[in-house]
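Novice: For reference, this is target08.txt, and it has compact mmCIF, C-alpha atoms and all ligand atoms.
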```txt
# COMPACT_ATOMS: atom_id res chain seq x y z
CA MET A 1162 125.67 88.57 112.78
CA LYS A 1163 127.05 91.22 110.40
CA GLU A 1164 124.32 93.50 108.99
CA TYR A 1165 124.15 94.61 105.36
CA LEU A 1166 122.16 97.01 103.20
CA LEU A 1167 120.98 95.21 100.05
CA LEU A 1168 121.05 97.58 97.07
CA THR A 1169 119.59 96.44 93.74
CA GLY A 1170 120.42 98.40 90.59
CA ALA A 1171 123.89 99.14 91.96
CA SER A 1172 125.69 98.78 88.62
CA SER A 1173 124.89 102.27 87.25
CA GLY A 1174 123.07 105.58 87.54
CA ILE A 1175 121.08 106.34 90.68
CA GLY A 1176 121.92 102.98 92.28
CA ARG A 1177 125.67 103.51 91.86
CA GLN A 1178 125.44 106.99 93.40
CA CYS A 1179 123.38 105.60 96.31
CA ALA A 1180 126.10 102.96 96.82
CA ILE A 1181 128.84 105.58 96.94
CA GLN A 1182 126.97 107.76 99.47
CA LEU A 1183 125.57 104.94 101.65
CA SER A 1184 128.91 103.11 101.78
CA LYS A 1185 130.09 105.65 104.37
CA ASP A 1186 127.62 104.26 106.91
CA TYR A 1187 126.63 100.74 105.83
CA ASN A 1188 128.08 97.47 104.55
CA LEU A 1189 126.51 96.93 101.14
CA ILE A 1190 125.38 94.00 99.02
CA LEU A 1191 125.62 95.35 95.48
CA CYS A 1192 123.13 93.63 93.18
CA ALA A 1193 122.58 93.78 89.39
CA ARG A 1194 123.34 91.68 86.27
CA ARG A 1195 126.56 93.37 85.01
CA GLU A 1196 129.34 92.05 87.25
CA GLU A 1197 132.09 94.31 85.82
CA ASN A 1198 129.97 97.37 86.56
CA LEU A 1199 129.31 96.12 90.08
CA ILE A 1200 133.06 95.75 90.63
CA GLU A 1201 133.49 99.33 89.39
CA THR A 1202 130.80 100.51 91.84
CA LYS A 1203 132.47 98.60 94.69
CA ASN A 1204 135.80 100.28 93.88
CA LEU A 1205 134.14 103.71 93.95
CA CYS A 1206 132.63 103.05 97.41
CA ASN A 1207 134.08 104.08 100.77
CA ASN A 1208 135.55 101.10 102.68
CA SER A 1209 135.51 99.09 99.44
CA ASP A 1210 136.53 95.79 101.08
CA ASN A 1211 133.42 95.78 103.29
CA HIS A 1212 130.99 95.35 100.40
CA LEU A 1213 129.76 92.21 98.64
CA ILE A 1214 128.64 91.60 95.06
CA PHE A 1215 125.48 89.63 94.31
CA LYS A 1216 125.02 89.06 90.58
CA CYS A 1217 121.38 88.35 89.85
CA ASP A 1218 118.88 88.78 87.02
CA LEU A 1219 115.85 90.13 88.88
CA SER A 1220 113.51 89.55 85.95
CA ASP A 1221 114.00 85.82 86.59
CA ILE A 1222 111.64 85.85 89.56
CA SER A 1223 111.53 82.11 90.24
CA THR A 1224 115.27 82.00 91.05
CA ILE A 1225 115.46 84.95 93.48
CA ASP A 1226 114.36 83.11 96.62
CA GLU A 1227 116.93 80.33 96.41
CA LYS A 1228 119.78 82.53 95.13
CA LEU A 1229 119.41 85.27 97.75
CA ASN A 1230 118.71 82.90 100.62
CA ASN A 1231 121.82 80.84 99.76
CA PHE A 1232 123.90 84.02 99.40
CA LEU A 1233 122.93 85.17 102.91
CA ILE A 1234 123.55 81.74 104.45
CA GLN A 1235 126.89 81.19 102.66
CA ASN A 1236 128.19 84.61 103.74
CA ASP A 1237 126.68 84.22 107.23
CA ILE A 1238 125.10 87.68 107.10
CA VAL A 1239 121.70 89.38 107.53
CA VAL A 1240 120.05 92.22 105.62
CA SER A 1241 118.90 95.06 107.87
CA ARG A 1242 118.15 97.55 105.09
CA PHE A 1243 116.89 97.14 101.55
CA LEU A 1244 117.04 99.73 98.76
CA HIS A 1245 115.33 98.60 95.57
CA CYS A 1246 116.71 100.71 92.76
CA ALA A 1247 116.71 98.22 89.88
CA GLY A 1248 114.30 99.20 87.18
CA CYS A 1249 113.65 98.95 83.50
CA LEU A 1250 111.94 101.62 81.43
CA THR A 1251 109.45 100.40 78.85
CA LEU A 1252 107.89 102.97 76.54
CA LEU A 1253 104.97 101.39 74.75
CA PRO A 1254 101.64 102.81 73.58
CA ALA A 1255 98.66 100.74 74.73
CA LYS A 1256 97.91 99.67 71.14
CA GLY A 1257 101.33 97.98 71.05
CA PHE A 1258 100.67 95.93 74.21
CA ASP A 1259 103.29 93.19 74.48
CA TYR A 1260 102.70 90.68 77.26
CA GLU A 1261 106.31 89.43 77.46
CA LEU A 1262 107.67 92.97 77.74
CA CYS A 1263 105.09 93.83 80.42
CA ILE A 1264 106.03 90.75 82.42
CA LYS A 1265 109.75 91.61 82.19
CA THR A 1266 109.03 95.18 83.31
CA PHE A 1267 106.80 94.16 86.21
CA ASN A 1268 109.22 91.39 87.23
CA THR A 1269 112.17 93.79 87.39
CA ASN A 1270 110.40 96.83 88.80
CA VAL A 1271 107.97 95.34 91.32
CA PHE A 1272 107.72 91.53 91.59
CA SER A 1273 111.46 91.23 92.33
CA ALA A 1274 111.01 93.60 95.30
CA MET A 1275 108.20 91.36 96.58
CA ALA A 1276 110.31 88.21 96.10
CA ILE A 1277 113.25 89.84 97.92
CA MET A 1278 111.02 90.96 100.80
CA LYS A 1279 109.81 87.38 101.17
CA VAL A 1280 113.43 86.25 101.68
CA LEU A 1281 114.16 89.10 104.10
CA LEU A 1282 111.13 88.13 106.18
CA LYS A 1283 112.26 84.53 106.61
CA LYS A 1284 113.10 83.40 110.11
CA ASN A 1285 116.89 83.80 109.72
CA ASN A 1286 116.59 87.50 108.68
CA LYS A 1287 113.28 88.88 109.94
CA LYS A 1288 114.52 90.24 113.26
CA ALA A 1289 117.36 92.13 111.58
CA LEU A 1290 115.21 94.00 109.06
CA LYS A 1291 114.71 97.71 109.93
CA ASN A 1292 114.27 99.86 106.87
CA VAL A 1293 113.16 99.54 103.24
CA VAL A 1294 113.29 102.19 100.50
CA LEU A 1295 111.84 101.54 97.04
CA ILE A 1296 112.74 103.67 94.03
CA SER A 1297 109.49 104.41 92.24
CA ALA A 1298 109.03 107.26 89.72
CA LEU A 1299 107.20 110.54 89.24
CA TYR A 1300 105.20 108.71 86.56
CA SER A 1301 103.66 106.48 89.19
CA LYS A 1302 101.27 109.38 89.81
CA LYS A 1303 101.42 111.34 86.56
CA GLY A 1304 99.96 110.21 83.24
CA VAL A 1305 102.20 110.39 80.17
CA VAL A 1306 101.45 109.13 76.66
CA GLY A 1307 103.16 105.79 75.94
CA ASN A 1308 104.20 105.21 79.53
CA SER A 1309 101.38 103.00 80.82
CA VAL A 1310 103.44 99.84 81.43
CA TYR A 1311 106.33 101.50 83.29
CA ALA A 1312 103.98 103.87 85.18
CA SER A 1313 101.66 101.08 86.31
CA SER A 1314 104.61 98.95 87.48
CA LYS A 1315 105.79 101.87 89.64
CA GLY A 1316 102.21 102.48 90.86
CA ALA A 1317 102.09 98.83 91.95
CA LEU A 1318 105.43 99.29 93.73
CA ASP A 1319 104.03 102.27 95.68
CA SER A 1320 100.91 100.33 96.69
CA PHE A 1321 103.15 97.49 97.84
CA MET A 1322 105.19 100.01 99.84
CA ARG A 1323 102.11 101.32 101.70
CA CYS A 1324 100.89 97.82 102.58
CA MET A 1325 104.36 96.77 103.77
CA ALA A 1326 104.62 99.91 105.92
CA LYS A 1327 101.46 98.85 107.79
CA GLU A 1328 102.21 95.13 107.82
CA LEU A 1329 105.74 95.51 109.21
CA ALA A 1330 105.35 98.46 111.63
CA PRO A 1331 106.72 99.28 114.14
CA ASN A 1332 109.87 97.23 113.49
CA VAL A 1333 110.42 98.11 109.84
CA ARG A 1334 109.92 101.45 108.09
CA VAL A 1335 109.03 101.35 104.38
CA ASN A 1336 108.98 104.37 102.03
CA SER A 1337 109.39 105.15 98.36
CA ILE A 1338 111.20 107.85 96.40
CA LEU A 1339 109.63 109.18 93.20
CA PRO A 1340 112.40 110.70 91.09
CA GLY A 1341 111.66 112.90 88.13
CA GLY A 1342 113.98 113.06 85.12
CA VAL A 1343 117.60 112.30 86.05
CA GLU A 1344 120.19 111.86 83.27
CA THR A 1345 121.28 108.19 83.47
CA GLU A 1346 121.49 105.15 81.17
CA ILE A 1347 117.74 104.58 81.56
CA THR A 1348 116.84 108.02 80.16
CA MET A 1349 119.23 107.63 77.22
CA THR A 1350 116.48 105.56 75.59
CA THR A 1351 113.96 108.44 75.88
CA PRO A 1352 113.64 110.15 72.49
CA GLN A 1353 115.12 113.70 72.42
CA GLU A 1354 111.76 115.10 71.28
CA GLN A 1355 110.03 113.62 74.35
CA LYS A 1356 112.83 114.90 76.64
CA GLU A 1357 112.29 118.45 75.35
CA ILE A 1358 108.55 118.20 76.06
CA MET A 1359 109.31 116.82 79.55
CA MET A 1360 111.80 119.64 80.33
CA LYS A 1361 108.98 122.20 80.17
CA ASP A 1362 107.48 120.55 83.28
CA TYR A 1363 110.65 120.99 85.38
CA PRO A 1364 110.89 124.31 87.24
CA LEU A 1365 114.34 123.30 88.55
CA GLY A 1366 115.43 121.42 85.40
CA PHE A 1367 116.44 117.74 85.32
CA GLY A 1368 118.07 116.24 88.40
CA GLN A 1369 121.34 114.54 89.21
CA THR A 1370 121.82 111.12 90.74
CA GLU A 1371 122.95 112.63 94.07
CA ASP A 1372 119.59 114.43 94.43
CA VAL A 1373 117.95 111.01 94.75
CA ALA A 1374 120.77 109.47 96.80
CA ASN A 1375 120.50 112.33 99.33
CA MET A 1376 116.84 111.41 99.95
CA ALA A 1377 117.78 107.73 100.32
CA GLU A 1378 120.41 108.70 102.92
CA PHE A 1379 117.76 110.67 104.83
CA LEU A 1380 115.22 107.82 104.76
CA PHE A 1381 117.80 105.33 106.05
CA SER A 1382 118.86 107.69 108.82
CA ASP A 1383 117.24 108.21 112.22
CA LYS A 1384 116.30 111.71 111.10
CA SER A 1385 113.29 110.07 109.40
CA LYS A 1386 112.46 107.76 112.32
CA TRP A 1387 108.78 108.86 112.47
CA ILE A 1388 108.18 108.46 108.73
CA THR A 1389 106.77 105.36 107.09
CA GLY A 1390 104.39 104.47 104.26
CA GLN A 1391 105.15 107.65 102.28
CA GLN A 1392 106.02 108.59 98.71
CA PHE A 1393 108.73 111.25 98.41
CA SER A 1394 108.82 113.22 95.16
CA VAL A 1395 112.35 114.27 94.20
CA ASP A 1396 111.61 115.86 90.86
CA GLY A 1397 112.69 119.49 90.62
CA GLY A 1398 109.08 120.55 91.13
CA ALA A 1399 107.71 118.61 88.16
CA SER A 1400 104.79 117.23 90.18
CA ALA A 1401 103.90 120.63 91.70
N1 LIG A 1501 116.71 108.32 85.61
C1 LIG A 1501 115.49 108.76 85.75
O1 LIG A 1501 115.11 109.79 85.17
C2 LIG A 1501 114.52 108.05 86.65
C3 LIG A 1501 113.31 108.68 86.92
C4 LIG A 1501 112.40 108.04 87.76
C5 LIG A 1501 112.71 106.79 88.29
N2 LIG A 1501 113.90 106.21 87.97
C6 LIG A 1501 114.16 104.90 88.57
O2 LIG A 1501 115.42 104.90 89.19
C7 LIG A 1501 115.95 103.58 89.20
C8 LIG A 1501 117.38 103.60 88.69
O3 LIG A 1501 117.37 104.00 87.33
P1 LIG A 1501 118.59 104.78 86.66
O4 LIG A 1501 118.03 106.02 86.10
O5 LIG A 1501 119.75 104.84 87.57
O6 LIG A 1501 118.90 103.82 85.40
P2 LIG A 1501 120.07 102.79 85.09
O7 LIG A 1501 121.39 103.47 85.17
O8 LIG A 1501 119.69 102.16 83.79
O9 LIG A 1501 119.95 101.74 86.26
C9 LIG A 1501 119.06 100.66 86.23
C10 LIG A 1501 119.61 99.62 87.17
O10 LIG A 1501 118.69 98.54 87.22
C11 LIG A 1501 119.41 97.31 87.02
N3 LIG A 1501 118.58 96.33 86.37
C12 LIG A 1501 117.79 96.50 85.28
N4 LIG A 1501 117.23 95.33 84.92
C13 LIG A 1501 117.67 94.41 85.83
C14 LIG A 1501 117.46 93.00 85.98
N5 LIG A 1501 116.69 92.31 85.14
N6 LIG A 1501 118.07 92.37 87.01
C15 LIG A 1501 118.87 93.05 87.86
N7 LIG A 1501 119.10 94.38 87.77
C16 LIG A 1501 118.52 95.04 86.75
C17 LIG A 1501 120.57 97.71 86.12
O11 LIG A 1501 121.64 96.78 86.27
P3 LIG A 1501 122.13 95.71 85.18
O12 LIG A 1501 121.80 96.24 83.83
O13 LIG A 1501 123.60 95.58 85.44
O14 LIG A 1501 121.39 94.47 85.54
C18 LIG A 1501 120.94 99.06 86.68
O15 LIG A 1501 121.81 98.92 87.77
C19 LIG A 1501 115.00 102.72 88.34
O16 LIG A 1501 114.14 102.02 89.19
C20 LIG A 1501 114.22 103.77 87.56
O17 LIG A 1501 112.94 103.31 87.19
C21 LIG A 1501 114.82 106.80 87.18
```
Go ahead and express the file in the form of structure tokens.
Ligand SMILES: NC(=O)c1ccc[n+]([C@@H]2O[C@H](COP(=O)([O-])OP(=O)(O)OC[C@H]3O[C@@H](n4cnc5c(N)ncnc54)[C@H](OP(=O)(O)O)[C@@H]3O)[C@@H](O)[C@H]2O)c1
Specialist:
Amino acid sequence: MKEYLLLTGASSGIGRQCAIQLSKDYNLILCARREENLIETKNLCNNSDNHLIFKCDLSDISTIDEKLNNFLIQNDIVVSRFLHCAGCLTLLPAKGFDYELCIKTFNTNVFSAMAIMKVLLKKNNKKALKNVVLISALYSKKGVVGNSVYASSKGALDSFMRCMAKELAPNVRVNSILPGGVETEITMTTPQEQKEIMMKDYPLGFGQTEDVANMAEFLFSDKSKWITGQQFSVDGGASA
């Protein structure tokens, strides 16, 4: 059966760049909510006709299982690689705790990855699965004022990654990438004042989407065949 790499967050930013670079070597399932943007990504990819679009709101956790499972069955395909790049940034001081916003953030950033993994580990797909990369964040391991919801969702994603690496070895490798500040739609919501404070922490300045996509390419390649259960900081030295 034809094998695909499932890429969430493919409609913009880091996900779109990963799609462009990974499309040289893999057939992609491009997933996000904005269909027009996904079509744009598909058109920017190498071998554009080989890739499929899967429109899905990942914050709607209860629908993921049925939607993804049906998508795989209808297209008669399996997912051998999974790159979870979808994410939503929530800046909220603890005193402004908002349960609904926290649930949306955790659903998008971490619970959707768990729900997707459940589908990929079903009988019809399990044997095909080889490699999983989760896009976490530098702030999973670095405290920043007002970032507790986003940071803890990424921390949960990293813990999930480590457990999956053990649970699924030796057949499936699972790693995460922790990007620092990269100029994309997500960072447009960060106030300029906060960006200037953040910049002081970056010996190499802010990054570009290809800096993260290059690490994803490496983790999906055989050059990383002895690596699993690890967090990779790609952050211009911000965590040093
Ligand atoms: N840029 C940075 O500085 C930075 C730093 C550290 C980590 N990251 C992480 O890198 C990843 C990509 O972020 P980015 O910077 O490239 O930002 P972006 O351009 O805003 O991309 C976010 C992606 O997530 C998708 N998404 C968000 N909510 C979704 C939902 N409910 N259902 C399905 N898809 C959803 C978006 O697609 P739709 O809106 O079309 O649904 C979009 O494709 C995120 O996980 C982010 O946390 C980014």
Novice: Check every protein, DNA and RNA residue against ligand LIG 1501 (chain A), keep those with an atom at most 7 Å away (counting all atoms listed in the file), and present them as a PyMOL selection string.
Specialist: chain A and resi 1169-1176+1192-1196+1198+1217-1220+1246-1250+1269-1270+1296-1299+1339-1348
Novice: Choose the residue, out of A:Val1271, A:Ile1358, A:Leu1252, A:Cys1263, that has the smallest atom-to-atom separation from Asn1308 of chain A; count all atoms listed in the file.
Specialist: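 Using all atoms listed in the file, Asn1308 of chain A sits closest to A:Leu1252.
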Novice: Using all atoms listed in the file for the distances, tell me which of A:Asp1362, A:Glu1371, A:Asp1319, A:Glu1378 is nearest to Ser1301 of chain A.
Specialist: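 Looking at the shortest contact to Ser1301 of chain A, the residue is A:Asp1319.
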Novice: State, in Å with one decimal place, the distance from atom CA of Phe1321 of chain A to atom CA of Gly1368 of chain A.
Specialist: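 Between these atoms lies a distance of 25.8 Å.
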Novice: Neighbouring residues of Val1335 of chain A were defined as those with any atom within 12 Å, considering only C-alpha atoms; residues of the same chain fewer than 5 positions away were excluded. Please report them as a PyMOL selection string.
Specialist: chain A and resi 1242-1245+1278+1290-1296+1318-1330+1377+1380-1381+1385-1393
Novice: Which residue is closest to Asn1332 of chain A? Choose from A:Thr1251, A:Thr1370, A:Thr1350, A:Ser1241 and count only C-alpha atoms.
Specialist: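 Of the candidates, the smallest distance to Asn1332 of chain A is held by A:Ser1241.
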Novice: Between atom CA of Asn1188 of chain A and atom CA of His1212 of chain A, measure the distance and give it in Å to one decimal.
Specialist: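 So the two atoms, atom CA of Asn1188 of chain A and atom CA of His1212 of chain A, lie 5.5 Å apart.
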Novice: Which residue gives the smallest distance to Leu1183 of chain A among A:Met1376, A:Ser1309, A:Gln1353, A:Asp1396, with all atoms listed in the file counted?
Specialist: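 Of A:Met1376, A:Ser1309, A:Gln1353, A:Asp1396, the one nearest Leu1183 of chain A, counting all atoms listed in the file, is A:Met1376.
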Novice: Quick one: residues within 9 Å of Cys1206 of chain A, only C-alpha atoms, excluding same-chain residues fewer than 2 positions away - as a list in words?
Specialist: Arg1177, Ala1180, Ile1181, Gln1182, Leu1183, Ser1184, Lys1185, Glu1201, Thr1202, Lys1203, Asn1204, Asn1208, Ser1209 and His1212 of chain A
Novice: Work out how far atom CA of Glu1227 of chain A is from atom CA of Thr1266 of chain A, in Å to one decimal.
Specialist: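 Result for atom CA of Thr1266 of chain A versus atom CA of Glu1227 of chain A: 21.3 Å, one decimal.
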Novice: Counting all atoms listed in the file, select every polymer residue within 9 Å of (124.6, 84.2, 108.0) as defined in the file's coordinates, and provide the selection as an mmCIF file with C-alpha atoms, in the coordinates of the input.
Specialist:
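And here is the file that came out, result00.cif:
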```cif
data_model
loop_
_atom_site.group_PDB
_atom_site.id
_atom_site.type_symbol
_atom_site.label_atom_id
_atom_site.label_comp_id
_atom_site.auth_asym_id
_atom_site.auth_seq_id
_atom_site.Cartn_x
_atom_site.Cartn_y
_atom_site.Cartn_z
ATOM 1 C CA MET A 1162 125.670 88.570 112.780
ATOM 2 C CA LYS A 1163 127.050 91.220 110.400
ATOM 3 C CA PHE A 1232 123.900 84.020 99.400
ATOM 4 C CA LEU A 1233 122.930 85.170 102.910
ATOM 5 C CA ILE A 1234 123.550 81.740 104.450
ATOM 6 C CA GLN A 1235 126.890 81.190 102.660
ATOM 7 C CA ASN A 1236 128.190 84.610 103.740
ATOM 8 C CA ASP A 1237 126.680 84.220 107.230
ATOM 9 C CA ILE A 1238 125.100 87.680 107.100
ATOM 10 C CA VAL A 1239 121.700 89.380 107.530
ATOM 11 C CA ASN A 1285 116.890 83.800 109.720
ATOM 12 C CA ASN A 1286 116.590 87.500 108.680
#
```
Novice: Name the residues in contact with Gly1307 of chain A at a cut-off of 7 Å, using all atoms listed in the file, excluding same-chain residues fewer than 6 positions from it; report them as an MDAnalysis selection string.
Specialist: chainID A and resid 1252:1255
Novice: Give the answer as one residue: which of A:Leu1167, A:Asn1207, A:Glu1261, A:Ile1338 has the shortest atom-to-atom distance to Asp1186 of chain A, using all atoms listed in the file?
Specialist: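 That would be A:Asn1207, the residue with the smallest distance to Asp1186 of chain A.
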Novice: Would you please work out which residue, of A:Ile1222, A:Val1305, A:Val1240, A:Leu1282, is nearest to Asn1268 of chain A when using only C-alpha atoms?
Specialist: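 Smallest distance to Asn1268 of chain A is found for A:Ile1222.
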Novice: Emit as lines of an AutoDock Vina configuration file the padded axis-aligned box for all listed atoms of segment 1317-1332 of chain A, 4 Å per side, with centre and edge lengths in Å to one decimal.
Specialist:
```
center_x = 105.4
center_y = 98.7
center_z = 103.0
size_x = 17.0
size_y = 15.1
size_z = 30.2
```
